[in-house]
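Next up, my_file-v1.pdb (PDB, C-alpha atoms and all ligand atoms):
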```
MODEL        1
ATOM      1  CA  MET W  15      13.323  -6.648 -11.025  1.00  0.00           C
ATOM      2  CA  ASP W  16      11.199  -9.428  -9.580  1.00  0.00           C
ATOM      3  CA  GLN W  17       7.528  -8.508  -9.742  1.00  0.00           C
ATOM      4  CA  SER W  18       6.128 -11.864  -8.709  1.00  0.00           C
ATOM      5  CA  PRO W  19       2.741 -11.490  -6.969  1.00  0.00           C
ATOM      6  CA  LEU W  20       3.691 -14.173  -4.438  1.00  0.00           C
ATOM      7  CA  ARG W  21       6.824 -12.312  -3.508  1.00  0.00           C
ATOM      8  CA  GLU W  22       4.741  -9.176  -3.137  1.00  0.00           C
ATOM      9  CA  ARG W  23       2.235 -10.894  -0.843  1.00  0.00           C
ATOM     10  CA  VAL W  24       5.038 -12.236   1.329  1.00  0.00           C
ATOM     11  CA  SER W  25       6.497  -8.777   1.525  1.00  0.00           C
ATOM     12  CA  ASP W  26       3.113  -7.409   2.583  1.00  0.00           C
ATOM     13  CA  ALA W  27       2.750 -10.086   5.264  1.00  0.00           C
ATOM     14  CA  VAL W  28       6.164  -9.276   6.654  1.00  0.00           C
ATOM     15  CA  ALA W  29       5.300  -5.592   6.653  1.00  0.00           C
ATOM     16  CA  LEU W  30       2.051  -6.340   8.486  1.00  0.00           C
ATOM     17  CA  LEU W  31       3.884  -8.299  11.165  1.00  0.00           C
ATOM     18  CA  ALA W  32       6.182  -5.347  11.592  1.00  0.00           C
ATOM     19  CA  GLY W  33       3.181  -3.144  12.330  1.00  0.00           C
ATOM     20  CA  LYS W  34       3.048  -1.598   8.892  1.00  0.00           C
ATOM     21  CA  ARG W  35       0.077  -1.144   6.644  1.00  0.00           C
ATOM     22  CA  THR W  36       0.069  -1.362   2.891  1.00  0.00           C
ATOM     23  CA  ILE W  37      -2.676   0.142   0.770  1.00  0.00           C
ATOM     24  CA  ARG W  38      -2.933  -0.576  -2.926  1.00  0.00           C
ATOM     25  CA  CYS W  39      -4.646   1.254  -5.721  1.00  0.00           C
ATOM     26  CA  PRO W  40      -7.759  -0.775  -6.716  1.00  0.00           C
ATOM     27  CA  ASP W  41      -7.272   0.036 -10.393  1.00  0.00           C
ATOM     28  CA  PRO W  42      -6.417  -3.164 -12.323  1.00  0.00           C
ATOM     29  CA  GLY W  43      -2.866  -3.105 -13.557  1.00  0.00           C
ATOM     30  CA  CYS W  44      -1.893  -0.154 -11.415  1.00  0.00           C
ATOM     31  CA  ARG W  45       1.008  -0.940  -9.160  1.00  0.00           C
ATOM     32  CA  VAL W  46       0.761   2.100  -6.936  1.00  0.00           C
ATOM     33  CA  SER W  47       0.821   1.277  -3.263  1.00  0.00           C
ATOM     34  CA  VAL W  48       1.425   3.193  -0.067  1.00  0.00           C
ATOM     35  CA  ARG W  49       3.085   1.699   2.973  1.00  0.00           C
ATOM     36  CA  TYR W  50       3.211   3.347   6.336  1.00  0.00           C
ATOM     37  CA  ARG W  51       3.516   2.638  10.015  1.00  0.00           C
ATOM     38  CA  HIS W  52       2.761   4.517  13.184  1.00  0.00           C
ATOM     39  CA  VAL W  53       1.377   7.613  11.544  1.00  0.00           C
ATOM     40  CA  ALA W  54      -1.350   9.874  12.887  1.00  0.00           C
ATOM     41  CA  PRO W  55      -4.925   8.935  11.902  1.00  0.00           C
ATOM     42  CA  ASP W  56      -5.250  12.028   9.732  1.00  0.00           C
ATOM     43  CA  GLU W  57      -2.080  11.197   7.876  1.00  0.00           C
ATOM     44  CA  ALA W  58      -3.144   7.572   7.503  1.00  0.00           C
ATOM     45  CA  LYS W  59      -6.428   8.715   5.986  1.00  0.00           C
ATOM     46  CA  ARG W  60      -4.628  11.040   3.600  1.00  0.00           C
ATOM     47  CA  LEU W  61      -2.330   8.235   2.454  1.00  0.00           C
ATOM     48  CA  THR W  62      -5.261   5.858   2.081  1.00  0.00           C
ATOM     49  CA  ASP W  63      -7.136   8.372  -0.048  1.00  0.00           C
ATOM     50  CA  LEU W  64      -4.065   8.905  -2.181  1.00  0.00           C
ATOM     51  CA  ALA W  65      -3.487   5.195  -2.723  1.00  0.00           C
ATOM     52  CA  THR W  66      -7.085   4.242  -3.468  1.00  0.00           C
ATOM     53  CA  ASP W  67      -8.119   7.214  -5.589  1.00  0.00           C
ATOM     54  CA  HIS W  68      -6.620   6.473  -8.973  1.00  0.00           C
ATOM     55  CA  THR W  69      -7.502   9.914 -10.307  1.00  0.00           C
ATOM     56  CA  ARG W  70      -4.985  11.407  -7.924  1.00  0.00           C
ATOM     57  CA  HIS W  71      -1.912   9.641  -9.204  1.00  0.00           C
TER      58      HIS W  71
HETATM   59 ZN    ZN W 101      -3.649   3.761  -9.458  1.00  0.00          ZN
ENDMDL
END
```
Rewritten as structure tokens:
Amino acid sequence: MDQSPLRERVSDAVALLAGKRTIRCPDPGCRVSVRYRHVAPDEAKRLTDLATDHTRH
């Protein structure tokens, strides 16, 4: 499995162009991320909270 950071950034950029959003956990070394598109604001907030609060995953 290729875990190159560059490849990951490219993937994020492509996702962004497609109207998607990717949120990553801020915890160093944690690879949790949440990607979504066209979701309701409440759901987007829930996903953001989940992705950025390391105590919840
Ligand atoms: Zn995390």
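Neighbouring residues of W:Cys44 at 12 Å or closer, counting only C-alpha atoms and skipping chain neighbours under 2 positions away, are W:Arg38, W:Cys39, W:Pro40, W:Asp41, W:Pro42, W:Val46, W:Ser47, W:Ala65, W:Thr66, W:Asp67, W:His68, W:Thr69, W:His71.
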Discussion item. So, with all atoms listed in the file as the atoms that count, which of W:Arg35, W:Arg21, W:Arg45, W:Arg60 lies closest to ligand ZN 101 (chain W)?
Written reply: W:Arg45
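The residue that comes closest to ligand ZN 101 (chain W), out of W:Gly43, W:Pro19, W:Gly33, W:Pro55 and on the basis of all atoms listed in the file, is W:Gly43.
In this structure, atom CA of W:Leu31 sits 19.0 Å away from atom CA of W:Ala54.
Taking atom CA of W:Leu30 and atom CA of W:Asp56 as endpoints, the distance between them is 19.8 Å.
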Practice prompt. Rounded to one decimal place, report the atom CA of W:Lys34-atom CA of W:Arg51 distance in Å.
Written response: 4.4 Å
